[in-house]
Every structure is written in structure tokens, then in C-alpha cells.
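Remarks on the structure that follows.
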Amino acid sequence: MPKLSVVVPCFNEEEVLAELYRRVTAICQTTVGQEYEIVLIDDGSQDNTWPLIVRLCESDPHMVGIRLSRNHGHQLALSAGLSITRGERVFIIDADLQDPPELLPRMMELMDAGADVVYGRRAQRAGETWFKKISAALFYRVLNHLTDAPIPVDTGDFRLISRRIVELLNGMPENHRFIRGMISWLGFHQVALEYDRQERLAGTSKYPWRAMIRFALDAITGFSIRPLRMAMALGVGFGVIAMLGILYSLHSWMVGRVVPGWTSVMVAVMVLGSAQLLTIGVIGEYIGRLYVETKKRPLFLIDKIVRQSCEAPPKNP
Ligand code: UDP
Ligand code: MG
């Protein structure tokens, strides 16, 4: 078992592969000597990415190449890579070198000191559009309001994770994967390492706005059923307004200030409107629970057990 696996999803990254290979190999060798593997996942690229990966694998036994059958998206490419890693620790990095691989030794030190996850937190983002910066900042803050497990702001998937985190992640069968959220959901000892994000080495972002919206939806719906509860809150709110409205229309009817039929229509609209919202809210609550059940996430995760006669180490499902 190698000490370290590096996982790199690549989608049309022919321009950066050589430099990626050079920099990641150099830092792996200075950090762990020869005990490493670099797993490159070709996520259905249409350019020369796959032939280049094959060539690297033929010339260097540290390299592992995976080609997915078509473009499955960044998060699934990463999941595929994680599922075949063998290292005691796994270093996740993008192909475009926006996140410096040279942070690896510092991440390893933090893990030696007991961390299970060392995630990079972006202090600066060079060469990214205002739109990307503002949308990312807003997105992580909204997401944190909606979800129960805190997801650290301004982080990507750039991180070092321990073997047990990889195993637990591989054991989470959910289809819509938002990996940085799943990792923070797992808990254990997670620490941040601040760094300045660089410009893309070459090529353009592989995340068009359509993919960003899909990604944001996966994150919000994957980690929160609060949107489903909105109907319930609206139902309660409108229920209170409806009561006041009904009293007002009955009063107007009694003092004879209304045209015939107005009162009955008003009362019916208000009663039915709030009853419908409340019922949708109840259905939403059940759908939310069904949804959470279908994810089949572990109920809890055990970090350590202490007792005087401790024979077996804790075992997670
Ligand atoms: N990527 C992928 N499949 C995709 C889109 C992107 O494997 O469908 C990879 C891409 O090659 C890169 C990483 O995911 O290694 C992050 O993509 P990118 O740098 O384009 O995103 P950005 O940094 O602009 O958010
Ligand atoms: Mg990038």
C-alpha cells in the first residue's frame, strides 16, 4: 500500500497534463520518496488527454490512468478516482494547477498532528471573474444557512484526506455527489490551511454556468430539506393572515358595507389557500424524510471508543 495517492480529475486538459505531472511528481518525491501513486481520471475528454495519460502510465509505474465511458462530471470523476486509490492518505487536486501541489508537505504535517482532513481555504483567488468570485462567496453563505452540517466557506475539493475518510466516502451510495459537503458531513478532525488560489495554467474553465447551477442545486438539495419545508411556513403565515381577513370580511358583512357574495368568496379563498399550503407542507415533510432515508447514509460515525478492556478497535459500517 503506497503512503500517498494523488487523485486528479481531467476533462479536456491536454495543455496542462505535462506540467501537472512534473510538479505533482516532484512534490510527491520530496514528501514520501517513492511510495506514492498518481491517479488521473479522464472524464470523457474529446482532446488528447487520454493518449497523454496512457503515455505517462507506460513510462512511469507511479501513474494510474482511468478513462470514464463519457463525461460524467467533476464530482463523479473524482468519486471514480477515490474508489480505486490505495494510499494511506489521498491528496485531491484539480488538473489546472490553480491549487498549488507544493502545499502537500504542510498538509501532511497537519495530518501527522492528528487531522483526518486538511482542506485548502482560498484567501485570494487570482484570475477569476468578479462573477465567479461573488457567486461563489454568496453560494457558500446561502448554503450554510440552509444546511445543518456546516460546510466551510471558500473551499474546493483541494484537500488531503485519510484512508478512513476515503473508505467512508466510498461507502456513501448517494447519486448526486457534492463531495466537499459529504466530507464535512462526516466530521472527525478537520483543519483548514489558507492559501492563495492561482490562475488556471492554461485552457478555460470546465465549469460553464449551466454546470455551476447544477452543482449548486446538488449541494443545496443534497444537504437540506429546508426548501421543502417552505410551504409549511407559508401555510402557517397565511393561516394567521387568513384568520384576520375572515374576521374583517365578516365584520364588513355585518355592518352591511359589501356587495352580495364578496364575503363568502373572500372566506372561501382564504380558508382554502392556507389549507392547501399547509397540506403541501405536510406532504413536503414526508417527502423530505423519504428523501433522507433513501440516501442510506450511516446514522452516526464513531471516532474513538475508550474503555478499560478495549480489545477490538471501533468499526464503522
Ligand atoms: N472536470 C472534470 N469533469 C468535468 C468538468 C471538470 O473532470 O465535467 C475537472 C477539470 O479537468 C479540473 C477540475 O475538474 O481538473 C475543475 O475544473 P475547472 O478547473 O474547470 O473548474 P473551476 O476551477 O473553473 O471551478
Ligand atoms: Mg480550475
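Identifiers in this document derive from the order of the C-alpha cells: chains are assigned A, B, ..., residues are numbered from 1 separately in each chain, and ligands are numbered from 1 in order of occurrence.
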
- Query: Near segment 115-120 of chain A, counting only C-alpha atoms, which residues have an atom at most 8 Å away, once you skip same-chain residues fewer than 2 positions from it, shown as a PyMOL selection string?
  - Reply: chain A and resi 107+110-113+122+155-162+165+188-195

Selected residues, N, CA, C and O atoms, written as a short mmCIF file (atom, residue, chain, number, x, y, z; two decimals), in the first residue's frame, please.
data_model
loop_
_atom_site.label_atom_id
_atom_site.label_comp_id
_atom_site.auth_asym_id
_atom_site.auth_seq_id
_atom_site.Cartn_x
_atom_site.Cartn_y
_atom_site.Cartn_z
N MET A 107 0.32 20.04 4.46
CA MET A 107 -0.90 19.28 4.76
C MET A 107 -0.54 17.97 5.46
O MET A 107 -1.21 17.54 6.39
N LEU A 110 0.13 18.62 9.11
CA LEU A 110 -1.10 18.78 9.89
C LEU A 110 -1.77 17.44 10.13
O LEU A 110 -2.37 17.19 11.17
N MET A 111 -1.65 16.54 9.14
CA MET A 111 -2.25 15.22 9.32
C MET A 111 -1.43 14.39 10.30
O MET A 111 -2.00 13.65 11.11
N ASP A 112 -0.10 14.55 10.28
CA ASP A 112 0.72 13.86 11.28
C ASP A 112 0.30 14.29 12.68
O ASP A 112 0.35 13.51 13.63
N ALA A 113 -0.14 15.56 12.78
CA ALA A 113 -0.52 16.07 14.10
C ALA A 113 -1.93 15.63 14.49
O ALA A 113 -2.46 16.08 15.50
N ARG A 122 -9.39 29.18 0.38
CA ARG A 122 -8.85 30.20 -0.52
C ARG A 122 -8.89 31.57 0.14
O ARG A 122 -9.97 32.08 0.45
N THR A 155 -13.97 26.98 0.14
CA THR A 155 -13.11 25.83 -0.06
C THR A 155 -13.56 25.09 -1.31
O THR A 155 -14.72 25.19 -1.71
N GLY A 156 -12.63 24.35 -1.90
CA GLY A 156 -12.99 23.50 -3.04
C GLY A 156 -12.78 22.06 -2.62
O GLY A 156 -12.87 21.73 -1.44
N ASP A 157 -12.46 21.22 -3.60
CA ASP A 157 -12.18 19.83 -3.24
C ASP A 157 -10.69 19.61 -2.96
O ASP A 157 -10.28 18.51 -2.67
N PHE A 158 -9.90 20.68 -3.07
CA PHE A 158 -8.46 20.58 -2.85
C PHE A 158 -8.19 20.25 -1.38
O PHE A 158 -8.46 21.08 -0.51
N ARG A 159 -7.72 19.05 -1.11
CA ARG A 159 -7.53 18.65 0.28
C ARG A 159 -6.77 17.34 0.39
O ARG A 159 -6.61 16.61 -0.59
N LEU A 160 -6.31 17.06 1.62
CA LEU A 160 -5.67 15.78 1.92
C LEU A 160 -6.59 15.05 2.88
O LEU A 160 -7.00 15.62 3.89
N ILE A 161 -6.94 13.80 2.56
CA ILE A 161 -7.85 13.07 3.45
C ILE A 161 -7.25 11.72 3.83
O ILE A 161 -6.45 11.15 3.08
N SER A 162 -7.62 11.23 5.00
CA SER A 162 -7.04 9.98 5.48
C SER A 162 -7.79 8.78 4.88
O SER A 162 -8.89 8.93 4.34
N ILE A 165 -11.43 8.27 5.95
CA ILE A 165 -12.39 9.18 5.32
C ILE A 165 -12.71 8.67 3.91
O ILE A 165 -13.87 8.66 3.47
N PHE A 188 -15.21 14.14 12.15
CA PHE A 188 -13.82 13.84 12.57
C PHE A 188 -13.03 15.14 12.68
O PHE A 188 -13.61 16.22 12.72
N HIS A 189 -11.72 15.02 12.66
CA HIS A 189 -10.89 16.19 12.93
C HIS A 189 -10.50 16.85 11.60
O HIS A 189 -9.67 16.32 10.87
N GLN A 190 -11.13 17.97 11.29
CA GLN A 190 -10.88 18.62 10.01
C GLN A 190 -10.24 19.99 10.24
O GLN A 190 -10.75 20.78 11.03
N VAL A 191 -9.14 20.25 9.57
CA VAL A 191 -8.48 21.55 9.76
C VAL A 191 -8.28 22.24 8.41
O VAL A 191 -8.17 21.60 7.37
N ALA A 192 -8.24 23.57 8.46
CA ALA A 192 -8.09 24.37 7.24
C ALA A 192 -6.65 24.81 7.08
O ALA A 192 -5.93 24.99 8.06
N LEU A 193 -6.26 24.98 5.82
CA LEU A 193 -4.95 25.55 5.52
C LEU A 193 -5.21 26.65 4.49
O LEU A 193 -5.74 26.39 3.41
N GLU A 194 -4.86 27.88 4.85
CA GLU A 194 -5.14 29.01 3.95
C GLU A 194 -4.11 29.07 2.82
O GLU A 194 -2.93 28.78 3.04
N TYR A 195 -4.57 29.43 1.64
CA TYR A 195 -3.63 29.59 0.53
C TYR A 195 -4.23 30.54 -0.49
O TYR A 195 -5.42 30.85 -0.44
#

Can you pull out every residue with an atom within 7 Å of ligand 1? Use only C-alpha atoms and all ligand atoms and format it as a PDB file with C-alpha atoms, in the first residue's frame.
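The resulting file, pocket-v2.pdb, is reproduced below:
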ATOM      1  CA  VAL A   8      -6.766  14.301 -10.408  1.00  0.00           C
ATOM      2  CA  PRO A   9      -9.964  14.526 -12.496  1.00  0.00           C
ATOM      3  CA  CYS A  10      -9.159  15.703 -16.030  1.00  0.00           C
ATOM      4  CA  PHE A  11     -11.604  16.923 -18.645  1.00  0.00           C
ATOM      5  CA  ASN A  12     -10.011  18.253 -21.848  1.00  0.00           C
ATOM      6  CA  GLU A  13      -6.808  19.148 -20.015  1.00  0.00           C
ATOM      7  CA  ASP A  42     -10.114  11.135 -17.884  1.00  0.00           C
ATOM      8  CA  ASP A  43     -13.726  12.273 -17.636  1.00  0.00           C
ATOM      9  CA  ASN A  71     -18.315  12.876 -19.458  1.00  0.00           C
ATOM     10  CA  HIS A  72     -19.810  12.179 -16.031  1.00  0.00           C
ATOM     11  CA  GLY A  73     -18.888  15.495 -14.414  1.00  0.00           C
ATOM     12  CA  HIS A  74     -16.194  16.558 -11.993  1.00  0.00           C
ATOM     13  CA  ALA A  77     -14.869  11.581 -11.931  1.00  0.00           C
ATOM     14  CA  ASP A  94      -7.558  19.851  -9.921  1.00  0.00           C
ATOM     15  CA  ALA A  95      -5.631  19.322 -13.135  1.00  0.00           C
ATOM     16  CA  ASP A  96      -5.303  23.025 -13.905  1.00  0.00           C
ATOM     17  CA  GLN A  98      -4.967  26.548  -9.631  1.00  0.00           C
ATOM     18  CA  ARG A 200      -5.581  28.439 -14.422  1.00  0.00           C
ATOM     19  CA  THR A 204     -10.552  27.635 -19.939  1.00  0.00           C
ATOM     20  CA  SER A 205     -12.778  26.698 -17.011  1.00  0.00           C
ATOM     21  CA  LYS A 206     -14.607  23.411 -17.491  1.00  0.00           C
ATOM     22  CA  TYR A 207     -17.462  24.708 -15.364  1.00  0.00           C
TER      23      TYR A 207
END

- Check segment 24-195 of chain A with DSSP on the backbone and list each residue it calls helix (DSSP H, G or I), as an MDAnalysis selection string. chainID A and resid 24:32 49:59 74:84 101:112 130:146 163:170 179:186

- Message: Using DSSP secondary structure from the backbone, list all strand (DSSP E) positions within segment 82-132 of chain A, as a VMD selection string.
- Response: chain A and resid 89 to 92 117 to 125

Quick one: write out the picked residues with N, CA and C atoms as a PDB file, in the first residue's frame?
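The result, stored in out16.pdb:
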ATOM      1  N   ARG A  89      -3.039   7.894   2.564  1.00  0.00           N
ATOM      2  CA  ARG A  89      -3.612   9.231   2.527  1.00  0.00           C
ATOM      3  C   ARG A  89      -3.907   9.580   1.077  1.00  0.00           C
ATOM      4  N   VAL A  90      -4.930  10.405   0.853  1.00  0.00           N
ATOM      5  CA  VAL A  90      -5.285  10.748  -0.518  1.00  0.00           C
ATOM      6  C   VAL A  90      -5.307  12.260  -0.676  1.00  0.00           C
ATOM      7  N   PHE A  91      -4.607  12.724  -1.702  1.00  0.00           N
ATOM      8  CA  PHE A  91      -4.473  14.161  -1.984  1.00  0.00           C
ATOM      9  C   PHE A  91      -5.324  14.453  -3.219  1.00  0.00           C
ATOM     10  N   ILE A  92      -6.322  15.318  -3.062  1.00  0.00           N
ATOM     11  CA  ILE A  92      -7.223  15.636  -4.185  1.00  0.00           C
ATOM     12  C   ILE A  92      -6.827  16.992  -4.759  1.00  0.00           C
ATOM     13  N   VAL A 117      -8.742  15.349   7.942  1.00  0.00           N
ATOM     14  CA  VAL A 117      -8.952  16.096   6.701  1.00  0.00           C
ATOM     15  C   VAL A 117      -8.217  17.419   6.830  1.00  0.00           C
ATOM     16  N   VAL A 118      -7.397  17.743   5.829  1.00  0.00           N
ATOM     17  CA  VAL A 118      -6.797  19.083   5.784  1.00  0.00           C
ATOM     18  C   VAL A 118      -7.284  19.712   4.484  1.00  0.00           C
ATOM     19  N   TYR A 119      -8.163  20.707   4.590  1.00  0.00           N
ATOM     20  CA  TYR A 119      -8.712  21.294   3.365  1.00  0.00           C
ATOM     21  C   TYR A 119      -8.116  22.669   3.123  1.00  0.00           C
ATOM     22  N   GLY A 120      -7.926  22.986   1.845  1.00  0.00           N
ATOM     23  CA  GLY A 120      -7.390  24.290   1.494  1.00  0.00           C
ATOM     24  C   GLY A 120      -8.505  25.321   1.538  1.00  0.00           C
ATOM     25  N   ARG A 121      -8.236  26.455   2.177  1.00  0.00           N
ATOM     26  CA  ARG A 121      -9.221  27.547   2.144  1.00  0.00           C
ATOM     27  C   ARG A 121      -8.626  28.698   1.365  1.00  0.00           C
ATOM     28  N   ARG A 122      -9.394  29.181   0.379  1.00  0.00           N
ATOM     29  CA  ARG A 122      -8.851  30.198  -0.524  1.00  0.00           C
ATOM     30  C   ARG A 122      -8.888  31.567   0.138  1.00  0.00           C
ATOM     31  N   ALA A 123      -7.701  32.150   0.328  1.00  0.00           N
ATOM     32  CA  ALA A 123      -7.657  33.501   0.861  1.00  0.00           C
ATOM     33  C   ALA A 123      -7.831  34.489  -0.301  1.00  0.00           C
ATOM     34  N   GLN A 124      -7.168  34.224  -1.413  1.00  0.00           N
ATOM     35  CA  GLN A 124      -7.254  35.075  -2.601  1.00  0.00           C
ATOM     36  C   GLN A 124      -7.560  34.185  -3.792  1.00  0.00           C
ATOM     37  N   ARG A 125      -8.274  34.734  -4.765  1.00  0.00           N
ATOM     38  CA  ARG A 125      -8.492  33.975  -6.000  1.00  0.00           C
ATOM     39  C   ARG A 125      -8.022  34.821  -7.157  1.00  0.00           C
TER      40      ARG A 125
END

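Contact shell of Pro101 of chain A at 8 Å (only C-alpha atoms; same-chain neighbours under 6 positions omitted): Arg23, Val24, Ile27 and Ile93 of chain A.
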
- Message: List the spatial neighbours of Lys295 of chain A as a PyMOL selection string - criterion: any atom at most 9 Å away, only C-alpha atoms, same-chain residues fewer than 2 positions off excluded.
- Response: chain A and resi 172-175+290-293+297

With all heavy atoms retained, write the just-selected residues as a PDB file, in the first residue's frame.
ATOM      1  N   MET A 172     -20.692   5.813   0.915  1.00  0.00           N
ATOM      2  CA  MET A 172     -21.932   6.612   0.862  1.00  0.00           C
ATOM      3  C   MET A 172     -22.501   6.492  -0.538  1.00  0.00           C
ATOM      4  O   MET A 172     -21.914   7.003  -1.493  1.00  0.00           O
ATOM      5  CB  MET A 172     -21.639   8.082   1.212  1.00  0.00           C
ATOM      6  CG  MET A 172     -21.339   8.283   2.689  1.00  0.00           C
ATOM      7  SD  MET A 172     -20.652   9.906   3.051  1.00  0.00           S
ATOM      8  CE  MET A 172     -22.117  10.919   3.141  1.00  0.00           C
ATOM      9  N   PRO A 173     -23.647   5.800  -0.697  1.00  0.00           N
ATOM     10  CA  PRO A 173     -24.080   5.439  -2.048  1.00  0.00           C
ATOM     11  C   PRO A 173     -24.854   6.527  -2.798  1.00  0.00           C
ATOM     12  O   PRO A 173     -25.360   6.270  -3.863  1.00  0.00           O
ATOM     13  CB  PRO A 173     -24.993   4.216  -1.789  1.00  0.00           C
ATOM     14  CG  PRO A 173     -25.515   4.420  -0.414  1.00  0.00           C
ATOM     15  CD  PRO A 173     -24.545   5.290   0.338  1.00  0.00           C
ATOM     16  N   GLU A 174     -24.962   7.741  -2.261  1.00  0.00           N
ATOM     17  CA  GLU A 174     -25.841   8.707  -2.925  1.00  0.00           C
ATOM     18  C   GLU A 174     -25.370   9.057  -4.343  1.00  0.00           C
ATOM     19  O   GLU A 174     -24.178   9.091  -4.635  1.00  0.00           O
ATOM     20  CB  GLU A 174     -26.009   9.964  -2.085  1.00  0.00           C
ATOM     21  CG  GLU A 174     -24.732  10.640  -1.661  1.00  0.00           C
ATOM     22  CD  GLU A 174     -24.971  11.475  -0.410  1.00  0.00           C
ATOM     23  OE1 GLU A 174     -25.010  10.892   0.685  1.00  0.00           O
ATOM     24  OE2 GLU A 174     -25.116  12.687  -0.538  1.00  0.00           O
ATOM     25  N   ASN A 175     -26.359   9.303  -5.206  1.00  0.00           N
ATOM     26  CA  ASN A 175     -26.061   9.548  -6.617  1.00  0.00           C
ATOM     27  C   ASN A 175     -25.592  10.963  -6.898  1.00  0.00           C
ATOM     28  O   ASN A 175     -24.678  11.181  -7.680  1.00  0.00           O
ATOM     29  CB  ASN A 175     -27.309   9.294  -7.468  1.00  0.00           C
ATOM     30  CG  ASN A 175     -27.535   7.826  -7.680  1.00  0.00           C
ATOM     31  OD1 ASN A 175     -26.577   7.066  -7.755  1.00  0.00           O
ATOM     32  ND2 ASN A 175     -28.772   7.403  -7.738  1.00  0.00           N
ATOM     33  N   LEU A 290     -38.544  10.817   3.383  1.00  0.00           N
ATOM     34  CA  LEU A 290     -38.288   9.714   2.436  1.00  0.00           C
ATOM     35  C   LEU A 290     -36.940   9.924   1.750  1.00  0.00           C
ATOM     36  O   LEU A 290     -36.153   9.001   1.589  1.00  0.00           O
ATOM     37  CB  LEU A 290     -39.346   9.743   1.329  1.00  0.00           C
ATOM     38  CG  LEU A 290     -40.534   8.825   1.443  1.00  0.00           C
ATOM     39  CD1 LEU A 290     -41.464   9.085   0.266  1.00  0.00           C
ATOM     40  CD2 LEU A 290     -40.047   7.387   1.389  1.00  0.00           C
ATOM     41  N   TYR A 291     -36.716  11.175   1.341  1.00  0.00           N
ATOM     42  CA  TYR A 291     -35.504  11.528   0.624  1.00  0.00           C
ATOM     43  C   TYR A 291     -34.270  11.254   1.486  1.00  0.00           C
ATOM     44  O   TYR A 291     -33.290  10.666   1.037  1.00  0.00           O
ATOM     45  CB  TYR A 291     -35.603  13.000   0.245  1.00  0.00           C
ATOM     46  CG  TYR A 291     -34.383  13.556  -0.389  1.00  0.00           C
ATOM     47  CD1 TYR A 291     -33.934  13.047  -1.596  1.00  0.00           C
ATOM     48  CD2 TYR A 291     -33.681  14.585   0.208  1.00  0.00           C
ATOM     49  CE1 TYR A 291     -32.801  13.553  -2.180  1.00  0.00           C
ATOM     50  CE2 TYR A 291     -32.553  15.102  -0.378  1.00  0.00           C
ATOM     51  CZ  TYR A 291     -32.118  14.582  -1.572  1.00  0.00           C
ATOM     52  OH  TYR A 291     -30.996  15.089  -2.149  1.00  0.00           O
ATOM     53  N   VAL A 292     -34.346  11.681   2.735  1.00  0.00           N
ATOM     54  CA  VAL A 292     -33.212  11.459   3.633  1.00  0.00           C
ATOM     55  C   VAL A 292     -32.967   9.958   3.821  1.00  0.00           C
ATOM     56  O   VAL A 292     -31.829   9.483   3.795  1.00  0.00           O
ATOM     57  CB  VAL A 292     -33.467  12.155   4.988  1.00  0.00           C
ATOM     58  CG1 VAL A 292     -32.401  11.760   5.997  1.00  0.00           C
ATOM     59  CG2 VAL A 292     -33.473  13.657   4.800  1.00  0.00           C
ATOM     60  N   GLU A 293     -34.074   9.202   3.960  1.00  0.00           N
ATOM     61  CA  GLU A 293     -33.928   7.749   4.136  1.00  0.00           C
ATOM     62  C   GLU A 293     -33.265   7.110   2.923  1.00  0.00           C
ATOM     63  O   GLU A 293     -32.434   6.220   3.053  1.00  0.00           O
ATOM     64  CB  GLU A 293     -35.292   7.081   4.344  1.00  0.00           C
ATOM     65  CG  GLU A 293     -36.019   7.485   5.616  1.00  0.00           C
ATOM     66  CD  GLU A 293     -35.446   6.844   6.857  1.00  0.00           C
ATOM     67  OE1 GLU A 293     -34.752   5.826   6.731  1.00  0.00           O
ATOM     68  OE2 GLU A 293     -35.680   7.395   7.943  1.00  0.00           O
ATOM     69  N   ARG A 297     -27.371   7.090   4.290  1.00  0.00           N
ATOM     70  CA  ARG A 297     -26.124   7.499   4.936  1.00  0.00           C
ATOM     71  C   ARG A 297     -26.018   6.780   6.268  1.00  0.00           C
ATOM     72  O   ARG A 297     -27.041   6.420   6.857  1.00  0.00           O
ATOM     73  CB  ARG A 297     -26.150   9.004   5.197  1.00  0.00           C
ATOM     74  CG  ARG A 297     -25.927   9.800   3.944  1.00  0.00           C
ATOM     75  CD  ARG A 297     -25.696  11.244   4.280  1.00  0.00           C
ATOM     76  NE  ARG A 297     -25.646  12.045   3.067  1.00  0.00           N
ATOM     77  CZ  ARG A 297     -25.709  13.364   3.063  1.00  0.00           C
ATOM     78  NH1 ARG A 297     -25.836  14.027   4.189  1.00  0.00           N
ATOM     79  NH2 ARG A 297     -25.640  14.025   1.928  1.00  0.00           N
TER      80      ARG A 297
END

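In this model, the gap between atom CA of Leu143 of chain A and atom CA of Ile220 of chain A comes to 6.2 Å.
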